[in-house]
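Here the structure comes first, spelled out in structure tokens, and everything after it is commentary.
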Amino acid sequence: SQTIHQWPATLVQPVGSPLSLECTVEGTSNPNLYWYRQAAGRGLQLLFYSVGIGQISSEVPQNLSASRPQDRQFILSSKKLLLSDSGFYLCAWSENSQETQYFGPGTRLLVL
Amino acid sequence: AQKVTQAQTEISVVEKEDVTLDCVYETRDTTYYLFWYKQPPSGELVFLIRRNSFDEQNEISGRYSWNFQKSTSSFNFTITASQVVDSAVYFCALSEVNAGNMLTFGGGTRLMVKP
């Protein structure tokens with residue numbers, strides 16, 4: 001069966017510091033991968049998605065970037081964090097664009 | 001444009017009560033999917049159901065049931081005999097085939113089931 005991992009689970013970072021959140025999927029090949037952000041008390045916003053290695057699509061212009069260095073690895077990064085980057089970051093995968101997305105456990109990021 | 005509305009931001013019920021979570025969507029596409037996800041306090045989104053636009057049959061899974069009505073653009077979720085473990089935020093979501101099947105989420109409904 002497929003599993004999706006995210007780390008770290010929680011992170012507290014100062015404003016202006018860099019960020020790297022990692023997501024990995026096991027038990028499948030060439031999945032679609034997604035990064036979402038959930039601000040406190042709000043719904044989910046799609047940030048990036050990837051249909052293959054090195055292929056990244058951005059949904060929202062922002063302070064963040066994403067990379068997919070390996071088939072089942074998806075990384076969310078920032079060179080300089082802003083206070084507004086605080087939130088709950090969820091990674092998701094699907095077999096392809098037609099299939100259901102399944103979510104990881106998430107990373108809680110607090111920027112101070 | 002896609003839009004999903006969950007008008008109930010918060011619902012509180014007593015255990016064993018039935019509760020219905022409303023979801024209304026907007027789309028111009030004829031081919032789309034509707035979803036419900038559960039987000040317990042731990043934060044992970046748990047997939048509950050997917051329904052395509054050509055299948056209006058209601059579905060029942062244990063204490064959960066879903067009522068899809070294209071005439072009113074609604075996809076409501078009912079929990080029968082609610083339990084404390086049902087306490088969570090529930091999200092309805094829409095994806096359109098012509099929009100690459102990207103998920104658009106509603107704002108979520110926080111359900112609190114009290115013992």
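Ordered as shown in the structure tokens, chains take letters A, B, and onward, while each chain numbers its residues from 1 and ligands are numbered from 1 in the order shown.
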Could you give me, as JSON lines, a per-residue list for chain A showing, wherever an atom lies at most 9 Å from an atom of chain B, the closest pair of atoms and their distance in Å to one decimal, using only C-alpha atoms and sorting by chain then residue number from low to high?
{"residue": "A:Gly41", "atom": "CA", "partner": "B:Gly107", "partner_atom": "CA", "distance": 8.7}
{"residue": "A:Arg42", "atom": "CA", "partner": "B:Gly107", "partner_atom": "CA", "distance": 6.1}
{"residue": "A:Gly43", "atom": "CA", "partner": "B:Gly107", "partner_atom": "CA", "distance": 4.6}
{"residue": "A:Leu44", "atom": "CA", "partner": "B:Phe105", "partner_atom": "CA", "distance": 6.2}
{"residue": "A:Gln45", "atom": "CA", "partner": "B:Phe105", "partner_atom": "CA", "distance": 7.8}
{"residue": "A:Leu46", "atom": "CA", "partner": "B:Leu103", "partner_atom": "CA", "distance": 7.9}
{"residue": "A:Phe88", "atom": "CA", "partner": "B:Gly43", "partner_atom": "CA", "distance": 8.3}
{"residue": "A:Leu90", "atom": "CA", "partner": "B:Glu44", "partner_atom": "CA", "distance": 7.9}
{"residue": "A:Ser97", "atom": "CA", "partner": "B:Asn101", "partner_atom": "CA", "distance": 5.8}
{"residue": "A:Gln98", "atom": "CA", "partner": "B:Asn101", "partner_atom": "CA", "distance": 6.3}
{"residue": "A:Glu99", "atom": "CA", "partner": "B:Asn101", "partner_atom": "CA", "distance": 8.4}
{"residue": "A:Thr100", "atom": "CA", "partner": "B:Arg50", "partner_atom": "CA", "distance": 7.4}
{"residue": "A:Gln101", "atom": "CA", "partner": "B:Phe47", "partner_atom": "CA", "distance": 8.0}
{"residue": "A:Tyr102", "atom": "CA", "partner": "B:Phe47", "partner_atom": "CA", "distance": 6.7}
{"residue": "A:Phe103", "atom": "CA", "partner": "B:Leu45", "partner_atom": "CA", "distance": 5.7}
{"residue": "A:Gly104", "atom": "CA", "partner": "B:Glu44", "partner_atom": "CA", "distance": 6.2}
{"residue": "A:Pro105", "atom": "CA", "partner": "B:Glu44", "partner_atom": "CA", "distance": 4.5}
{"residue": "A:Gly106", "atom": "CA", "partner": "B:Glu44", "partner_atom": "CA", "distance": 6.2}
{"residue": "A:Thr107", "atom": "CA", "partner": "B:Gly43", "partner_atom": "CA", "distance": 8.9}
field: Residues within 10 Å of Arg68 of chain A, only C-alpha atoms, excluding chain neighbours under 2 positions, as a ChimeraX atom specification
entry: /A:22-23,33,49-56,66,70-76
- prompt: Which residues come within 7 Å of segment 13-22 of chain B, counting only C-alpha atoms, excluding same-chain residues fewer than 2 positions away, as number ranges by chain?
  reply: B: 6-7, 11, 24, 75-84, 112-115
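Rounded to one decimal, atom CA of Leu34 of chain B and atom CA of Gly62 of chain B lie 19.6 Å from each other.
If you look at atom CA of Asn52 of chain B and atom CA of Thr5 of chain B, they are 18.0 Å away from each other.
Once Asp55 of chain B and its same-chain neighbours fewer than 4 positions away are set aside, Thr30, Thr31, Tyr32, Tyr33, Leu34, Arg50, Arg51, Glu59, Trp66, Asn67, Phe68, Gln69, Lys70 and Phe75 of chain B remain within 12 Å of it when counting only C-alpha atoms.
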Could you take the residues named above and write them with C-alpha atoms, as a PDB file, in the first residue's frame?
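And here is the file that came out, selection25.pdb:
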ATOM      1  CA  THR B  30     -20.457  18.817 -17.233  1.00  0.00           C
ATOM      2  CA  THR B  31     -17.712  16.468 -16.047  1.00  0.00           C
ATOM      3  CA  TYR B  32     -16.474  16.964 -12.515  1.00  0.00           C
ATOM      4  CA  TYR B  33     -15.833  15.178  -9.239  1.00  0.00           C
ATOM      5  CA  LEU B  34     -16.969  15.969  -5.736  1.00  0.00           C
ATOM      6  CA  ARG B  50     -15.442  10.738  -4.346  1.00  0.00           C
ATOM      7  CA  ARG B  51     -18.436  11.071  -6.596  1.00  0.00           C
ATOM      8  CA  GLU B  59     -24.197   6.446  -1.050  1.00  0.00           C
ATOM      9  CA  TRP B  66     -24.021  11.345   0.998  1.00  0.00           C
ATOM     10  CA  ASN B  67     -26.786  13.023  -1.003  1.00  0.00           C
ATOM     11  CA  PHE B  68     -25.728  14.333  -4.419  1.00  0.00           C
ATOM     12  CA  GLN B  69     -28.297  16.493  -6.215  1.00  0.00           C
ATOM     13  CA  LYS B  70     -27.235  18.114  -9.473  1.00  0.00           C
ATOM     14  CA  PHE B  75     -23.429  17.301  -2.181  1.00  0.00           C
TER      15      PHE B  75
END
